[in-house]
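Asker: Pasting a structure here, questions to come.
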Amino acid sequence: MSTVGLNGYLAVAAVLFVCGVICMATKRNGIGVLMGGELVLNGANINFVAFSKYGTLGLDGQIASLFVIVLAAAEAAVALAIALNFYNNHLTIDVDRADELKG
Amino acid sequence: MELFLFGLFALGAAGGALAVVFSQNVVRMAFYLVISLGCTAGLFFMLGADFVGATQLLIYVGGTVVLLIFGVMLTATGPYLSIRTSSGDLIQAVVVGGAFLAMLILTVMQVDWSGYSAKLAAAHGASSMERAGYTDPADGNTSRSLGLALLGTRPDQDLGSERAGELSTGYLLPFEIVSVHLLVVLVGAAYLARAKRKLTRVET
């Protein structure tokens with residue numbers, strides 16, 4: 001049996017998800033936090049497409065992954081605009097400096 | 001062959017993701033992200049999702065990452081090229097993340113997926129992936145079915161279905177919502193990122 005099966009894809013998706021979470025939690029660069037978000041969304045996408053092939057989800061899984069891709073692009077555009085605004089105000093992209101709302 | 005390709009793409013995707021985490025330079029992180037996302041597109045092709053794989057290459061690797069690289073170029077000046085994470089934080093996050101990863105993978109391995117898949121197939125009929133399209137699914141024929149599903153009709157589920165007189169739901173409304181959402185987001189991003197000008201009040 002030389003086929004991979006569902007478990008392999010789910011394991012890769014788990015690795016991508018966890019890497020994205022670590023990236024979002026530890027990076028001090030705002031753009032790095034964005035990249036972590038992209039990795040998380042990609043892990044979820046792999047799960048959708050894998051279940052679309054190996055489960056009974058059919059094409060619905062692929063459609064869900066298409067929506068995720070579109071929304072990730074939208075999120076990146078808005079977050080980048082916010083990051084540029086932050087850079088204009090603070091002259092750095094270090095997210096630890098965004099503490100004006102701290103009580 | 002399938003195993004070799006899966007190993008290659010899985011190694012690229014997971015290794016690229018790990019390199020994104022452990023690299024401290026933003027430009028290198030963007031490059032590793034390209035590798036990871038490209039290998040993910042390869043995994044999509046291996047899963048028979050040709051349209052989603054092509055979309056991943058076009059929109060993610062061609063669009064989103066280019067956007068991120070613009071962000072890197074506009075913000076990474078001189079001393080801010082690499083903002084280092086303190087190693088204590090990184091070790092803490094890796095320990096917690098490793099525990100989380102172990103939990104996820106152990107959970108996935110516990111489930112007997114093929115047994116559930118057989119049960120579901122017995123209850124709902126075969127997956128529509130097996131009877132979709134005109135050519136062999138391995139050759140890739142999802143774009144026509146995906147387009148029709150986004151327009152609201154589901155011939156991939158309704159053709160040859162046992163349920164007579166009952167149509168499956170499509171995705172026309174979510175498609176319209178997401179298109180308007182994309183327009184709003186682009187207008188909003190252009191508004192947020194516009195060049196600030198000082199307001200000059202015209203004295204009358």
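In the structure tokens, each chain is lettered A, B, ... as it comes, each chain's residues begin at 1, and ligands are numbered from 1 in order of appearance.
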List every residue of chain A that has an atom at most 6 Å from any atom of chain B, giving for each one its closest atom pair and the distance in Å to one decimal, counting only C-alpha atoms, sorted by chain and then by ascending residue number, as CSV.
Answerer:
residue,atom,partner,partner_atom,distance
A:Ala11,CA,B:Ile105,CA,6.0
A:Leu16,CA,B:Ala17,CA,6.0
A:Val18,CA,B:Gly97,CA,6.0
A:Cys19,CA,B:Ala17,CA,5.9
A:Ile22,CA,B:Ala93,CA,5.9
A:Cys23,CA,B:Val21,CA,5.2
A:Gly55,CA,B:Ser117,CA,5.6
A:Thr56,CA,B:Ser127,CA,4.6
A:Gly58,CA,B:Ser128,CA,5.1
A:Ala73,CA,B:Thr64,CA,5.7
A:Val78,CA,B:Ala189,CA,5.0
A:Ala81,CA,B:Ala193,CA,4.8
Asker: Among chain A, which ones does DSSP assign to alpha helix (DSSP H) (computed from the backbone)? Answer as number ranges by chain.
Answerer: A: 6-26, 30-54, 59-90
Asker: Using only C-alpha atoms, determine which residues lie at most 8 Å from Val21 of chain A, disregarding the query and same-chain residues fewer than 4 positions distant; provide the list as a JSON list (two decimals) with N, CA and C atoms, in the first residue's frame.
Answerer:
[["chain", "number", "residue", "atom", "x", "y", "z"],
["A", 17, "PHE", "N", -0.18, 24.60, 11.39],
["A", 17, "PHE", "CA", -1.00, 25.37, 12.34],
["A", 17, "PHE", "C", -0.19, 25.77, 13.55],
["A", 25, "ALA", "N", 2.63, 34.25, 18.27],
["A", 25, "ALA", "CA", 2.81, 34.55, 19.68],
["A", 25, "ALA", "C", 4.17, 35.16, 19.95],
["A", 36, "GLY", "N", 2.45, 34.56, 10.43],
["A", 36, "GLY", "CA", 1.92, 33.48, 11.26],
["A", 36, "GLY", "C", 0.46, 33.22, 10.98],
["A", 37, "GLY", "N", -0.31, 34.32, 10.79],
["A", 37, "GLY", "CA", -1.73, 34.15, 10.46],
["A", 37, "GLY", "C", -1.91, 33.42, 9.15],
["A", 40, "VAL", "N", -1.42, 29.69, 9.72],
["A", 40, "VAL", "CA", -2.57, 29.06, 10.39],
["A", 40, "VAL", "C", -3.68, 28.79, 9.37],
["B", 97, "GLY", "N", 3.99, 25.04, 22.18],
["B", 97, "GLY", "CA", 3.58, 24.63, 20.85],
["B", 97, "GLY", "C", 3.86, 23.16, 20.58]]
Asker: Can you work out the spacing between atom CA of Leu6 of chain A and atom CA of Gly61 of chain A in Å, to one decimal?
Answerer: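 These two atoms are separated by 14.2 Å.
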Asker: So the first atom is atom CA of Asp96 of chain A and the second is atom CA of Gly20 of chain A; what is the distance between them in Å, to one decimal place?
Answerer: 18.7 Å
Asker: Give me, please, the distance in Å between atom CA of Leu34 of chain A and atom CA of Leu10 of chain A, quoted to one decimal.
Answerer: 22.9 Å
